[in-house]
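Have a look at the structure below, then the notes.
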Amino acid sequence: MHLLIREHVAPVMRRAGFKRSGRTFRLIADSGDQAVLGFARHYADPDAAVFEVGYRMVPAPYWEWVNRQHWNSGQVGAPPAFVSAALAGDVVPPPWAAQLPDSQGRLRARWALREGNRQVCGEALAEALSTESIPQMVHFLDRTHLLQELRRPSMPVTRLLPLTRLEILLRVDDAPRHEIEAMLADVRPAGPGDDFAAWVRRRLTARDVAM
């Protein structure tokens, strides 16, 4: 799989502006929002290297929220591949490069690198990245586009958090305070000690002071 990534994936991702770290590729917008693509290996077939290729969209306010307890320490790292995020997408193989081409759901996203198919498998993966996944990730790095997709799904991607919370996180940097407050009224606490609303209000106050 290392050769597959080096020869077929890395050049495509590099041309699109992604930075590589091992099996992870990252594109960071001016807002600090990130698109993170990675590879997950599955030891499910003795005759093939089975793996998934997936991406996550990680808006900067979301990453600050989930790391709020350690944020001020300055030691919070970049989001890893397959992290919990706002939205997830898969790079789905063509049937002849899939481990289980007749499967449904998550299993259909698994690639199978077999002896003798590395070149064609790599070419298929590079093509899928170039024509589908990279354009999607670049599109979603615009918060307006990401919010539109979350509200009215049109692509084969998965929202990973409740819509209202995501909308607040995507708009907390620029929406009028009264609009954020109205949305907060619809947020149900996730459980005892859920401080989402208090954290959002602190961020709004800091934003207003900085303006």
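Labels used: A, B, ... for chains in the order of the structure tokens, numbers from 1 for residues in each chain, and numbers from 1 for ligands as shown.
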
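Within the 12 Å cut-off around Pro176 in chain A, using only C-alpha atoms and omitting residues fewer than 6 positions from it on the same chain, the listed residues are Ile168, Ala182, Met183, Leu204, Thr205, Arg207 and Asp208 of chain A.
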
Report as CSV: every residue of range 81-182 of chain A with an atom at most 9 Å from range 61-69 of chain A, its closest pair of atoms, and their distance in Å to one decimal, counting only C-alpha atoms, with rows sorted by chain and ascending residue number.
```
residue,atom,partner,partner_atom,distance
A:Ala85,CA,A:Tyr62,CA,7.6
A:Ala86,CA,A:Tyr62,CA,7.6
A:Leu166,CA,A:Tyr62,CA,7.9
A:Leu169,CA,A:Pro61,CA,5.7
A:Leu170,CA,A:Pro61,CA,7.2
A:Val172,CA,A:Pro61,CA,7.8
A:Asp173,CA,A:Pro61,CA,8.2
```

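Atom pair CA of Pro135 in chain A / CA of Asp102 in chain A: separated by 26.7 Å.
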
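Within 7 Å of Arg110 in chain A, once only C-alpha atoms are used and residues closer than 4 positions along the same chain are dropped, the contacting residues are Val50, Phe51, Glu52, Ala98 and Gln99 of chain A.
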
Q) DSSP on the backbone: what in chain A comes out alpha helix (DSSP H), as an NGL selection string? A) :A and (2-4 or 10-15 or 60-66 or 118-128 or 134-140 or 143-151 or 163-171 or 177-184 or 196-210)

Q | Long-range neighbours of range 115-124 of chain A as a list in words, 9 Å cut-off, only C-alpha atoms, 2 positions minimum in chain | A | Met1, Leu3, Leu4, Ile5, Glu7, His8, Val9, Asp47, Ala48, Pro93, Pro94, Trp96, Ala97, Trp111, Ala112, Leu113, Ala126, Glu127, Ala128 and Leu129 of chain A

(Q) as a list in words, please: the residues near range 32-45 of chain A (cut-off 6 Å, only C-alpha atoms, same-chain neighbours under 4 positions excluded). (A) Arg23, Thr24, Phe25, Arg26, Leu27, Ile28, Val50, Phe51, Glu52, Val53, Gly54, Tyr55, Arg56, Met57, Val58, Pro59, Ala60 and Ala81 of chain A

Using C-alpha atoms, can you export the residues from the last selection as a PDB file, in the first residue's frame?
```pdb
ATOM      1  CA  ARG A  23      -0.945   8.129   5.147  1.00  0.00           C
ATOM      2  CA  THR A  24      -2.764  11.385   5.925  1.00  0.00           C
ATOM      3  CA  PHE A  25      -3.322  14.308   3.559  1.00  0.00           C
ATOM      4  CA  ARG A  26      -4.508  17.701   4.776  1.00  0.00           C
ATOM      5  CA  LEU A  27      -5.776  20.908   3.158  1.00  0.00           C
ATOM      6  CA  ILE A  28      -6.298  23.950   5.393  1.00  0.00           C
ATOM      7  CA  VAL A  50      -7.849  -4.343   2.167  1.00  0.00           C
ATOM      8  CA  PHE A  51      -8.208  -0.656   2.983  1.00  0.00           C
ATOM      9  CA  GLU A  52     -10.588   2.275   3.102  1.00  0.00           C
ATOM     10  CA  VAL A  53      -9.947   5.805   1.903  1.00  0.00           C
ATOM     11  CA  GLY A  54     -12.050   8.423   3.634  1.00  0.00           C
ATOM     12  CA  TYR A  55     -12.116  12.133   4.315  1.00  0.00           C
ATOM     13  CA  ARG A  56     -13.429  14.336   7.086  1.00  0.00           C
ATOM     14  CA  MET A  57     -14.399  18.015   7.069  1.00  0.00           C
ATOM     15  CA  VAL A  58     -13.278  19.649  10.323  1.00  0.00           C
ATOM     16  CA  PRO A  59     -14.346  23.301  10.744  1.00  0.00           C
ATOM     17  CA  ALA A  60     -12.044  25.275  13.041  1.00  0.00           C
ATOM     18  CA  ALA A  81      -7.656  10.967   9.749  1.00  0.00           C
TER      19      ALA A  81
END
```

Q: Please identify which residues in range 20-128 of chain A DSSP calls strand (DSSP E) from the backbone, and express them as a PyMOL selection string.
A: chain A and resi 20-21+24-28+34-42+49-58+87-90+111-113

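Closest approach to Val92 in chain A from the set A:Met137, A:Ala49, A:Val76, A:Val157 is made by A:Val157, with distances taken over only C-alpha atoms.
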
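Pairwise distance (CA of Phe82 in chain A, CA of Glu149 in chain A) equals 19.6 Å.
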
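Atom to atom, CA of Ala88 in chain A and CA of Gly193 in chain A stand 27.2 Å apart.
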
Q: Counting only C-alpha atoms, figure out which residue out of A:Pro101, A:Pro95, A:Gly89, A:Gly191 gets nearest to Leu160 in chain A.
A: A:Gly89

Q) Could you pull the residues within 9 Å of Val187 in chain A, counting only C-alpha atoms, minus those fewer than 5 positions along the same chain, as JSON, numbers by chain? A) {"A": [164, 165, 196, 197]}
